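Structure file model_38.txt (compact mmCIF, C-alpha atoms) follows.
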```
# COMPACT_ATOMS: atom_id res chain seq x y z
CA MET A 1 -17.76 9.67 49.74
CA ILE A 2 -19.88 8.95 46.66
CA SER A 3 -23.47 7.89 47.31
CA ARG A 4 -25.05 4.80 45.76
CA ARG A 5 -27.45 7.01 43.79
CA ASN A 6 -24.66 9.20 42.42
CA TRP A 7 -22.62 6.14 41.52
CA PHE A 8 -25.48 4.80 39.38
CA LEU A 9 -25.97 8.19 37.74
CA SER A 10 -22.27 8.60 36.93
CA SER A 11 -22.09 5.03 35.58
CA ALA A 12 -25.03 5.70 33.27
CA ALA A 13 -23.41 8.91 32.04
CA LEU A 14 -20.17 7.14 31.29
CA ALA A 15 -22.00 4.41 29.39
CA ALA A 16 -23.83 6.99 27.30
CA ALA A 17 -20.58 8.77 26.46
CA ALA A 18 -18.64 5.61 25.65
CA PRO A 19 -17.70 4.72 22.06
CA SER A 20 -20.01 2.41 20.12
CA GLN A 21 -19.93 -1.24 21.09
CA ALA A 22 -17.95 -3.76 19.06
CA GLN A 23 -19.46 -4.56 15.69
CA THR A 24 -21.29 -7.86 15.39
CA ALA A 25 -19.72 -10.54 13.20
CA SER A 26 -21.38 -10.67 9.77
CA GLY A 27 -21.05 -14.42 9.23
CA ARG A 28 -19.59 -13.66 5.80
CA PHE A 29 -16.12 -14.22 4.41
CA VAL A 30 -14.82 -10.92 3.07
CA SER A 31 -11.51 -9.70 1.73
CA ILE A 32 -10.73 -6.31 0.22
CA SER A 33 -7.55 -5.08 -1.40
CA SER A 34 -6.03 -2.44 -3.63
CA SER A 35 -6.81 -2.65 -7.34
CA ASN A 36 -3.87 -4.98 -8.01
CA GLY A 37 -5.27 -7.46 -5.49
CA LEU A 38 -8.07 -9.22 -7.37
CA ARG A 39 -6.15 -12.49 -7.26
CA ALA A 40 -5.22 -11.83 -3.64
CA VAL A 41 -8.80 -11.47 -2.39
CA THR A 42 -9.90 -14.49 -4.42
CA LEU A 43 -7.26 -16.70 -2.84
CA ALA A 44 -7.76 -15.24 0.64
CA VAL A 45 -11.49 -15.97 0.72
CA THR A 46 -10.99 -19.43 -0.77
CA LEU A 47 -8.44 -20.30 1.91
CA MET A 48 -10.59 -18.97 4.76
CA LYS A 49 -13.84 -20.48 3.54
CA GLN A 50 -12.78 -23.84 2.13
CA ARG A 51 -9.61 -24.63 4.08
CA ASN A 52 -10.27 -22.87 7.37
CA TYR A 53 -7.14 -20.74 7.10
CA ASP A 54 -6.39 -18.17 9.76
CA THR A 55 -7.27 -14.68 8.56
CA LEU A 56 -3.66 -13.48 8.59
CA ASP A 57 -2.32 -16.54 6.80
CA ALA A 58 -5.01 -16.06 4.15
CA ALA A 59 -4.14 -12.38 3.67
CA ILE A 60 -0.41 -13.09 3.42
CA SER A 61 -0.98 -15.91 0.93
CA GLY A 62 -3.02 -13.48 -1.14
CA VAL A 63 -0.37 -10.75 -1.33
CA ASN A 64 2.38 -13.31 -1.96
CA ILE A 65 0.95 -13.57 -5.49
CA GLN A 66 1.94 -9.96 -6.18
CA GLU A 67 5.18 -10.12 -4.21
CA GLU A 68 6.37 -12.99 -6.42
CA ASP A 69 5.02 -11.54 -9.69
CA PRO A 70 7.82 -9.83 -11.69
CA GLU A 71 5.21 -7.89 -13.68
CA ASP A 72 3.97 -6.00 -10.63
CA ASN A 73 6.62 -3.30 -10.45
CA SER A 74 5.39 -1.86 -7.17
CA VAL A 75 5.67 -4.94 -4.96
CA GLY A 76 8.36 -7.52 -4.19
CA TYR A 77 10.25 -9.21 -7.01
CA GLY A 78 10.49 -6.84 -9.97
CA GLY A 79 9.68 -3.77 -7.89
CA LEU A 80 11.21 -0.52 -9.13
CA PRO A 81 14.42 0.22 -7.21
CA ASN A 82 15.81 3.13 -5.24
CA GLU A 83 18.01 5.76 -6.90
CA GLU A 84 21.02 3.42 -6.72
CA GLY A 85 19.21 0.63 -8.57
CA ILE A 86 18.59 -1.52 -5.48
CA VAL A 87 15.15 -2.89 -4.61
CA GLU A 88 14.17 -2.19 -1.00
CA LEU A 89 10.94 -3.64 0.39
CA ASP A 90 8.62 -2.82 3.32
CA ALA A 91 5.74 -4.78 4.85
CA SER A 92 3.53 -4.98 7.94
CA VAL A 93 1.02 -7.47 9.33
CA MET A 94 -1.59 -7.35 12.09
CA HIS A 95 -3.45 -10.33 13.52
CA GLY A 96 -6.83 -9.33 14.93
CA PRO A 97 -7.57 -12.30 17.23
CA THR A 98 -4.28 -11.97 19.13
CA ARG A 99 -3.90 -8.20 18.60
CA ARG A 100 -0.28 -8.71 17.56
CA ALA A 101 1.74 -7.00 14.84
CA GLY A 102 5.07 -7.17 13.02
CA SER A 103 6.84 -5.32 10.25
CA VAL A 104 10.04 -4.97 8.24
CA ALA A 105 11.43 -1.94 6.42
CA SER A 106 14.17 -1.40 3.82
CA ILE A 107 14.77 -5.13 3.55
CA ARG A 108 16.72 -6.28 0.50
CA GLY A 109 16.99 -9.62 -1.26
CA ILE A 110 13.77 -11.23 0.03
CA LYS A 111 10.81 -11.55 -2.35
CA THR A 112 8.13 -11.91 0.31
CA PRO A 113 8.66 -9.35 3.10
CA SER A 114 5.14 -10.02 4.37
CA LYS A 115 6.31 -13.44 5.54
CA ILE A 116 9.25 -11.88 7.38
CA ALA A 117 6.92 -9.35 9.04
CA LYS A 118 4.87 -12.28 10.35
CA LEU A 119 8.04 -13.94 11.66
CA VAL A 120 8.93 -10.73 13.50
CA MET A 121 5.48 -10.86 15.10
CA GLU A 122 5.72 -14.54 16.04
CA ARG A 123 9.40 -15.08 16.85
CA THR A 124 10.54 -11.84 18.50
CA ASP A 125 9.60 -9.44 21.24
CA HIS A 126 9.80 -6.60 18.71
CA ILE A 127 7.42 -4.98 16.25
CA MET A 128 9.80 -3.80 13.49
CA LEU A 129 13.15 -4.86 12.05
CA VAL A 130 14.88 -2.81 9.36
CA GLY A 131 17.62 -2.99 6.76
CA GLU A 132 20.52 -5.36 7.26
CA GLY A 133 19.10 -6.59 10.57
CA ALA A 134 15.85 -7.61 8.89
CA LEU A 135 17.77 -9.46 6.16
CA ARG A 136 19.93 -11.35 8.66
CA PHE A 137 16.79 -12.29 10.59
CA ALA A 138 15.16 -13.62 7.41
CA LYS A 139 18.24 -15.65 6.47
CA ALA A 140 18.45 -17.07 9.99
CA HIS A 141 14.97 -18.48 9.42
CA GLY A 142 15.91 -20.16 6.15
CA PHE A 143 15.00 -17.52 3.58
CA LYS A 144 17.32 -17.31 0.60
CA GLU A 145 18.73 -13.95 -0.44
CA GLU A 146 17.95 -13.30 -4.12
CA GLU A 147 18.37 -10.58 -6.73
CA LEU A 148 15.04 -8.75 -6.93
CA LEU A 149 15.86 -6.43 -9.82
CA THR A 150 14.44 -7.85 -13.05
CA GLU A 151 15.65 -6.85 -16.51
CA LYS A 152 12.48 -4.83 -17.01
CA SER A 153 12.97 -2.89 -13.80
CA ARG A 154 16.70 -2.45 -14.44
CA LYS A 155 16.06 -0.90 -17.86
CA ALA A 156 13.36 1.35 -16.40
CA TRP A 157 15.89 2.51 -13.80
CA LEU A 158 18.45 3.26 -16.51
CA ILE A 159 15.88 5.26 -18.49
CA TRP A 160 15.08 7.22 -15.32
CA LYS A 161 18.80 7.94 -14.91
CA GLU A 162 19.04 9.07 -18.52
CA SER A 163 15.99 11.30 -18.12
CA LEU A 164 17.66 13.42 -15.43
CA ARG A 165 18.74 16.84 -16.68
CA ASP A 166 20.14 20.01 -15.18
CA GLY A 167 18.84 23.49 -15.99
CA ARG A 168 20.74 23.53 -19.28
CA GLY A 169 19.28 20.22 -20.39
CA HIS A 170 22.47 18.28 -19.73
CA GLY A 171 22.54 14.86 -18.05
CA ASN A 172 25.55 12.82 -16.96
CA TRP A 173 23.87 9.65 -18.15
CA GLY A 174 23.13 11.10 -21.58
CA PRO A 175 25.35 11.52 -24.67
CA GLY A 176 28.38 13.76 -24.42
CA LEU A 177 28.65 17.26 -25.81
CA ASP A 178 30.51 15.88 -28.82
CA ALA A 179 27.60 13.64 -29.80
CA PRO A 180 25.83 14.42 -33.10
CA GLY A 181 22.84 16.74 -32.82
CA GLU A 182 21.77 18.69 -29.79
CA ALA A 183 22.67 16.16 -27.15
CA GLY A 184 20.11 15.82 -24.40
CA ARG A 185 17.61 18.15 -26.05
CA GLU A 186 15.95 15.78 -28.49
CA ALA A 187 12.45 14.45 -27.88
CA PRO A 188 12.45 11.56 -25.39
CA GLU A 189 10.88 9.24 -27.97
CA ALA A 190 13.87 9.76 -30.26
CA TRP A 191 16.64 9.02 -27.82
CA LEU A 192 14.72 6.16 -26.24
CA ARG A 193 14.36 4.46 -29.62
CA GLU A 194 18.03 5.10 -30.37
CA ARG A 195 19.29 3.67 -27.07
CA TYR A 196 16.85 0.77 -26.87
CA PRO A 197 16.17 -0.27 -30.49
CA ASN A 198 15.05 -3.77 -29.53
CA GLU A 199 12.41 -2.67 -27.01
CA SER A 200 8.74 -2.34 -27.93
CA PRO A 201 7.07 1.07 -28.14
CA GLU A 202 4.77 -0.05 -25.31
CA PHE A 203 7.70 -0.76 -23.00
CA LEU A 204 9.40 2.52 -23.82
CA ALA A 205 6.18 4.46 -23.20
CA TRP A 206 5.73 2.72 -19.84
CA ALA A 207 9.37 3.25 -18.86
CA TRP A 208 9.19 6.95 -19.67
CA GLU A 209 5.96 7.27 -17.69
CA VAL A 210 7.44 5.72 -14.53
CA ALA A 211 10.70 7.65 -15.01
CA THR A 212 8.94 11.00 -15.08
CA HIS A 213 6.09 10.09 -12.70
CA PRO A 214 7.54 7.81 -9.97
CA ILE A 215 5.04 5.22 -8.83
CA THR A 216 4.13 4.41 -5.25
CA GLY A 217 2.31 1.14 -5.85
CA THR A 218 1.83 -1.22 -2.88
CA ILE A 219 -0.79 -3.86 -2.10
CA ASN A 220 -2.95 -3.91 1.02
CA CYS A 221 -5.21 -6.85 1.86
CA LEU A 222 -7.75 -7.07 4.69
CA THR A 223 -9.63 -10.22 5.69
CA LEU A 224 -12.73 -11.14 7.70
CA ASN A 225 -13.97 -14.69 8.33
CA GLY A 226 -17.39 -16.00 9.30
CA LYS A 227 -16.54 -15.87 13.01
CA GLY A 228 -15.72 -12.18 12.82
CA GLU A 229 -11.94 -12.64 13.06
CA MET A 230 -9.92 -10.04 11.15
CA SER A 231 -6.36 -9.48 9.94
CA GLY A 232 -4.44 -7.35 7.46
CA VAL A 233 -1.18 -6.99 5.55
CA THR A 234 0.46 -4.23 3.54
CA THR A 235 3.54 -4.80 1.38
CA THR A 236 5.45 -2.65 -1.10
CA SER A 237 8.67 -1.83 -2.92
CA GLY A 238 8.02 1.78 -2.01
CA LEU A 239 8.41 4.95 -4.03
CA SER A 240 10.43 4.30 -7.17
CA TRP A 241 13.84 6.05 -7.38
CA LYS A 242 13.64 6.90 -3.66
CA LEU A 243 16.63 7.79 -1.51
CA PRO A 244 18.19 4.58 -0.15
CA GLY A 245 16.66 3.83 3.22
CA ARG A 246 13.48 5.83 2.61
CA VAL A 247 10.53 4.25 4.39
CA GLY A 248 6.92 5.16 3.68
CA ASP A 249 3.74 4.26 5.51
CA SER A 250 3.45 0.57 4.57
CA PRO A 251 5.49 -0.92 7.45
CA ILE A 252 4.26 1.58 10.03
CA ILE A 253 1.53 0.20 12.28
CA GLY A 254 -1.24 2.80 12.45
CA ALA A 255 -0.34 4.37 9.11
CA GLY A 256 -0.15 1.76 6.35
CA LEU A 257 -2.12 -0.80 8.35
CA PHE A 258 -4.22 -1.08 11.48
CA VAL A 259 -6.57 -3.78 12.80
CA ASP A 260 -8.89 -3.53 15.80
CA GLN A 261 -10.50 -6.93 16.27
CA ASP A 262 -13.56 -5.39 17.93
CA HIS A 263 -14.36 -2.90 15.20
CA GLY A 264 -12.50 -3.12 11.91
CA ALA A 265 -9.36 -2.90 9.80
CA ALA A 266 -7.86 -0.41 7.39
CA GLY A 267 -4.88 -0.04 5.09
CA SER A 268 -3.47 2.33 2.54
CA THR A 269 -1.63 2.70 -0.76
CA GLY A 270 -0.29 5.82 -2.45
CA ARG A 271 1.96 8.57 -1.12
CA GLY A 272 3.06 7.28 2.24
CA GLU A 273 4.43 10.56 3.56
CA GLU A 274 0.97 12.10 3.48
CA ASN A 275 -0.60 9.08 5.13
CA ILE A 276 1.92 9.07 7.97
CA ARG A 277 1.00 12.66 8.80
CA VAL A 278 -2.62 11.68 9.56
CA ALA A 279 -1.91 8.18 10.96
CA GLY A 280 -4.34 7.11 8.28
CA ALA A 281 -5.17 3.47 8.98
CA HIS A 282 -5.59 4.11 12.70
CA THR A 283 -7.72 7.18 11.99
CA VAL A 284 -10.03 5.20 9.69
CA VAL A 285 -10.45 2.41 12.24
CA GLU A 286 -10.99 4.86 15.06
CA ASN A 287 -13.71 6.52 13.00
CA MET A 288 -15.42 3.15 12.59
CA ARG A 289 -15.03 2.51 16.31
CA HIS A 290 -17.04 5.66 16.92
CA GLY A 291 -19.85 4.42 14.70
CA MET A 292 -18.98 5.70 11.21
CA SER A 293 -19.64 3.53 8.19
CA ALA A 294 -16.62 2.41 6.20
CA LYS A 295 -17.28 5.10 3.56
CA GLU A 296 -17.69 7.82 6.17
CA ALA A 297 -14.52 6.75 7.96
CA VAL A 298 -12.46 6.87 4.77
CA THR A 299 -13.93 10.19 3.62
CA ASP A 300 -13.18 11.85 6.95
CA CYS A 301 -9.54 10.72 6.78
CA LEU A 302 -9.15 11.99 3.22
CA LYS A 303 -10.47 15.37 4.37
CA ARG A 304 -7.73 15.47 7.00
CA VAL A 305 -5.13 14.90 4.29
CA ALA A 306 -6.55 17.76 2.20
CA ARG A 307 -6.68 20.00 5.27
CA ASN A 308 -2.92 19.66 5.67
CA TYR A 309 -2.66 21.62 2.42
CA ASN A 310 -5.52 24.00 3.24
CA ASN A 311 -7.47 22.23 0.47
CA ASP A 312 -5.15 23.72 -2.17
CA ARG A 313 -5.97 21.67 -5.28
CA LYS A 314 -2.76 22.65 -7.09
CA LYS A 315 -0.70 21.10 -4.31
CA LEU A 316 -3.01 18.15 -3.76
CA GLU A 317 -2.98 17.19 -7.44
CA GLN A 318 0.72 16.36 -7.11
CA PHE A 319 -0.07 13.06 -5.36
CA ASP A 320 -2.77 10.53 -4.60
CA LEU A 321 -3.63 8.46 -1.56
CA ASN A 322 -6.02 5.54 -1.15
CA PHE A 323 -7.61 3.97 1.92
CA TYR A 324 -9.33 0.60 2.34
CA ALA A 325 -11.70 -0.04 5.24
CA LEU A 326 -13.42 -3.21 6.44
CA ARG A 327 -15.72 -3.27 9.47
CA LYS A 328 -16.32 -6.33 11.58
CA ASP A 329 -19.95 -6.42 10.44
CA GLY A 330 -18.79 -6.78 6.81
CA ASP A 331 -19.28 -3.18 5.71
CA PHE A 332 -16.38 -2.11 3.47
CA ALA A 333 -15.15 0.73 1.28
CA GLY A 334 -12.24 1.89 -0.82
CA GLY A 335 -11.58 5.60 -1.03
CA SER A 336 -9.18 7.85 -2.90
CA LEU A 337 -8.11 11.47 -2.70
CA TRP A 338 -8.80 11.77 -6.45
CA ASN A 339 -11.33 10.04 -8.69
CA GLY A 340 -8.56 8.76 -10.96
CA SER A 341 -5.64 9.79 -13.14
CA TYR A 342 -4.74 10.41 -16.74
CA SER A 343 -1.97 8.28 -18.20
CA ARG A 344 -0.94 8.37 -21.85
CA GLY A 345 -4.12 10.17 -22.72
CA GLN A 346 -6.46 7.73 -20.98
CA PHE A 347 -8.43 8.25 -17.78
CA ARG A 348 -8.08 5.51 -15.19
CA PRO A 349 -10.62 5.55 -12.36
CA ARG A 350 -9.49 4.54 -8.88
CA ARG A 351 -10.75 1.08 -7.98
CA PHE A 352 -10.29 -1.56 -5.33
CA ALA A 353 -10.73 -5.33 -5.22
CA VAL A 354 -13.33 -7.08 -3.09
CA ASN A 355 -14.44 -10.67 -2.57
CA VAL A 356 -17.54 -11.56 -0.58
CA ASP A 357 -18.17 -15.26 0.02
CA GLY A 358 -16.28 -16.25 -3.11
CA THR A 359 -17.45 -13.61 -5.59
CA ALA A 360 -14.61 -11.27 -6.59
CA ARG A 361 -14.88 -7.97 -8.43
CA LEU A 362 -13.38 -4.51 -8.82
CA GLU A 363 -15.39 -1.60 -7.44
CA ASP A 364 -14.96 2.14 -7.94
CA CYS A 365 -13.49 3.99 -5.00
CA ILE A 366 -15.35 6.84 -3.42
CA TYR A 367 -13.28 10.00 -3.78
CA LEU A 368 -12.81 13.46 -2.36
CA LEU A 369 -11.62 15.43 -5.41
CA GLU A 370 -12.31 15.12 -9.13
CA ARG A 371 -9.80 15.37 -11.94
CA LYS A 372 -11.00 16.52 -15.33
CA ALA A 373 -9.32 16.16 -18.70
```
For the structure just supplied, provide its representation as structure tokens.
Amino acid sequence: MISRRNWFLSSAALAAAAPSQAQTASGRFVSISSSNGLRAVTLAVTLMKQRNYDTLDAAISGVNIQEEDPEDNSVGYGGLPNEEGIVELDASVMHGPTRRAGSVASIRGIKTPSKIAKLVMERTDHIMLVGEGALRFAKAHGFKEEELLTEKSRKAWLIWKESLRDGRGHGNWGPGLDAPGEAGREAPEAWLRERYPNESPEFLAWAWEVATHPITGTINCLTLNGKGEMSGVTTTSGLSWKLPGRVGDSPIIGAGLFVDQDHGAAGSTGRGEENIRVAGAHTVVENMRHGMSAKEAVTDCLKRVARNYNNDRKKLEQFDLNFYALRKDGDFAGGSLWNGSYSRGQFRPRRFAVNVDGTARLEDCIYLLERKA
């Protein structure tokens, strides 16, 4: 039988060993997002601060801008399709105050999968719906099935098809062997101009870039209101030219998104397969729960990703991965595996969007590894 003295001593030891206490609310309105989310964080903070929107509703309203924008080819309408030319979308949501979550994966024909993810959270006893089941669920709730492949994305998909070659330089989507010249072996600029004479050089350069370097895209948005309530959403069209049915980290709770109302929230963009292997969003939040700053939490998780490849730079340079972290006390950070990338001869640093009390800006991400020209 335990004595009163020993009970007090053991209780004190347990208290000393326990994780850090919940962060204190900052009193500020904060939203952070991936670099394509400057409009998202601006709207989210405006809705929370001026219209008293719930944190999740504000975050979803923010990412709806990108989901409905045909010029964002990594999210929603206009997203680059799978290898069969069909756009498949994924999304997840988490509501801090109620600690609830919902997600959809491989859903087709719905521009705003983030809204369907919230419906899954609110109207079902499930966490995730996928594929045809997710589409039927959306239509049952009044959403209209639409064609999500824009002309821009369709032509990019065709150019990707035409770029495919076997070891001899032959492609089934290219000219036949009886075509003039060395069919399939000419410079890409030449055959692109020949096949698409009415397209601008800028479009053709972009289309060739995404054909040869498939994009991952995605938008993550995290929100914090003045009362310390938090939420998050992640939505994407996934890896371009993927196998039909491929699902990355975005709709997976604990990978592409995680919210712990007592401590913080985190999300991710980039190569989802690598994030899934470290349960990235959950790992970042758990780090913050144990007292790490947002920057420390992100850096530690990036180190885990690199460790999976024994820190081999040649392998790691084949992909990138970004994390976004927001603590309940308002501390935030964006972090990337690499400092940036080179595209068409130009260096593009990794950045993320942030809005604090109505002031929006892009900030440079902290990073683990540095690319040089």
- Message: Calculated over only C-alpha atoms, which of the candidates A:His282, A:Arg51, A:Arg313, A:Arg350 has the smallest distance to A:Gly254?
- Response: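 Of all the options, A:His282 lies closest to A:Gly254.
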- Message: If we count all atoms listed in the file and set the cut-off at 8 Å, which residues sit around stretch 237-253 of chain A, ignoring sequence neighbours fewer than 2 positions away in its own chain? Please answer as an MDAnalysis selection string.
- Response: chainID A and resid 73:76 79:85 87:92 101 103:106 128 131 157 214:218 234:235 255:258 268:269 271:273 275:276
- Message: Counting all atoms listed in the file, which residue out of A:Leu362, A:Val93, A:Val30, A:Leu368 sits closest to A:Ala306?
- Response: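 Of A:Leu362, A:Val93, A:Val30, A:Leu368, the one nearest A:Ala306 is A:Leu368, counting all atoms listed in the file.
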- Item | Spatial neighbours of A:Val63, max dist 9 Å, only C-alpha atoms, sep filter under 2 positions, as a list of chain:residue names |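 Once the adjacent positions are removed, what remains is A:Gly37, A:Arg39, A:Ala40, A:Val41, A:Ala44, A:Ala58, A:Ala59, A:Ile60, A:Ser61, A:Ile65, A:Gln66, A:Glu67, A:Glu68, A:Thr112, A:Ser114, A:Ile219, A:Asn220, A:Cys221, A:Val233, A:Thr234, A:Thr235.
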- Suppose you want the space between atom CA of A:Tyr77 and atom CA of A:Met48; what is it in Å? 25.8 Å
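Residue nearest A:Ala22, chosen from A:Thr98, A:Thr55, A:Gln261, A:Ser153 and counting only C-alpha atoms: A:Gln261.
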- Query: Neighbours of A:Thr24 within 10 Å (only C-alpha atoms; same-chain residues fewer than 4 positions away dropped), as a list in words?
  - Reply: Lys227, Gly228, Asp262, His263, Arg327, Lys328, Asp329 and Gly330 of chain A
Selected residues written out, C-alpha atoms, as a CSV table (one decimal), in the coordinates of the input:
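Writing the result to result.csv gives the following:
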```csv
chain,number,residue,atom,x,y,z
A,227,LYS,CA,-16.5,-15.9,13.0
A,228,GLY,CA,-15.7,-12.2,12.8
A,262,ASP,CA,-13.6,-5.4,17.9
A,263,HIS,CA,-14.4,-2.9,15.2
A,327,ARG,CA,-15.7,-3.3,9.5
A,328,LYS,CA,-16.3,-6.3,11.6
A,329,ASP,CA,-20.0,-6.4,10.4
A,330,GLY,CA,-18.8,-6.8,6.8
```
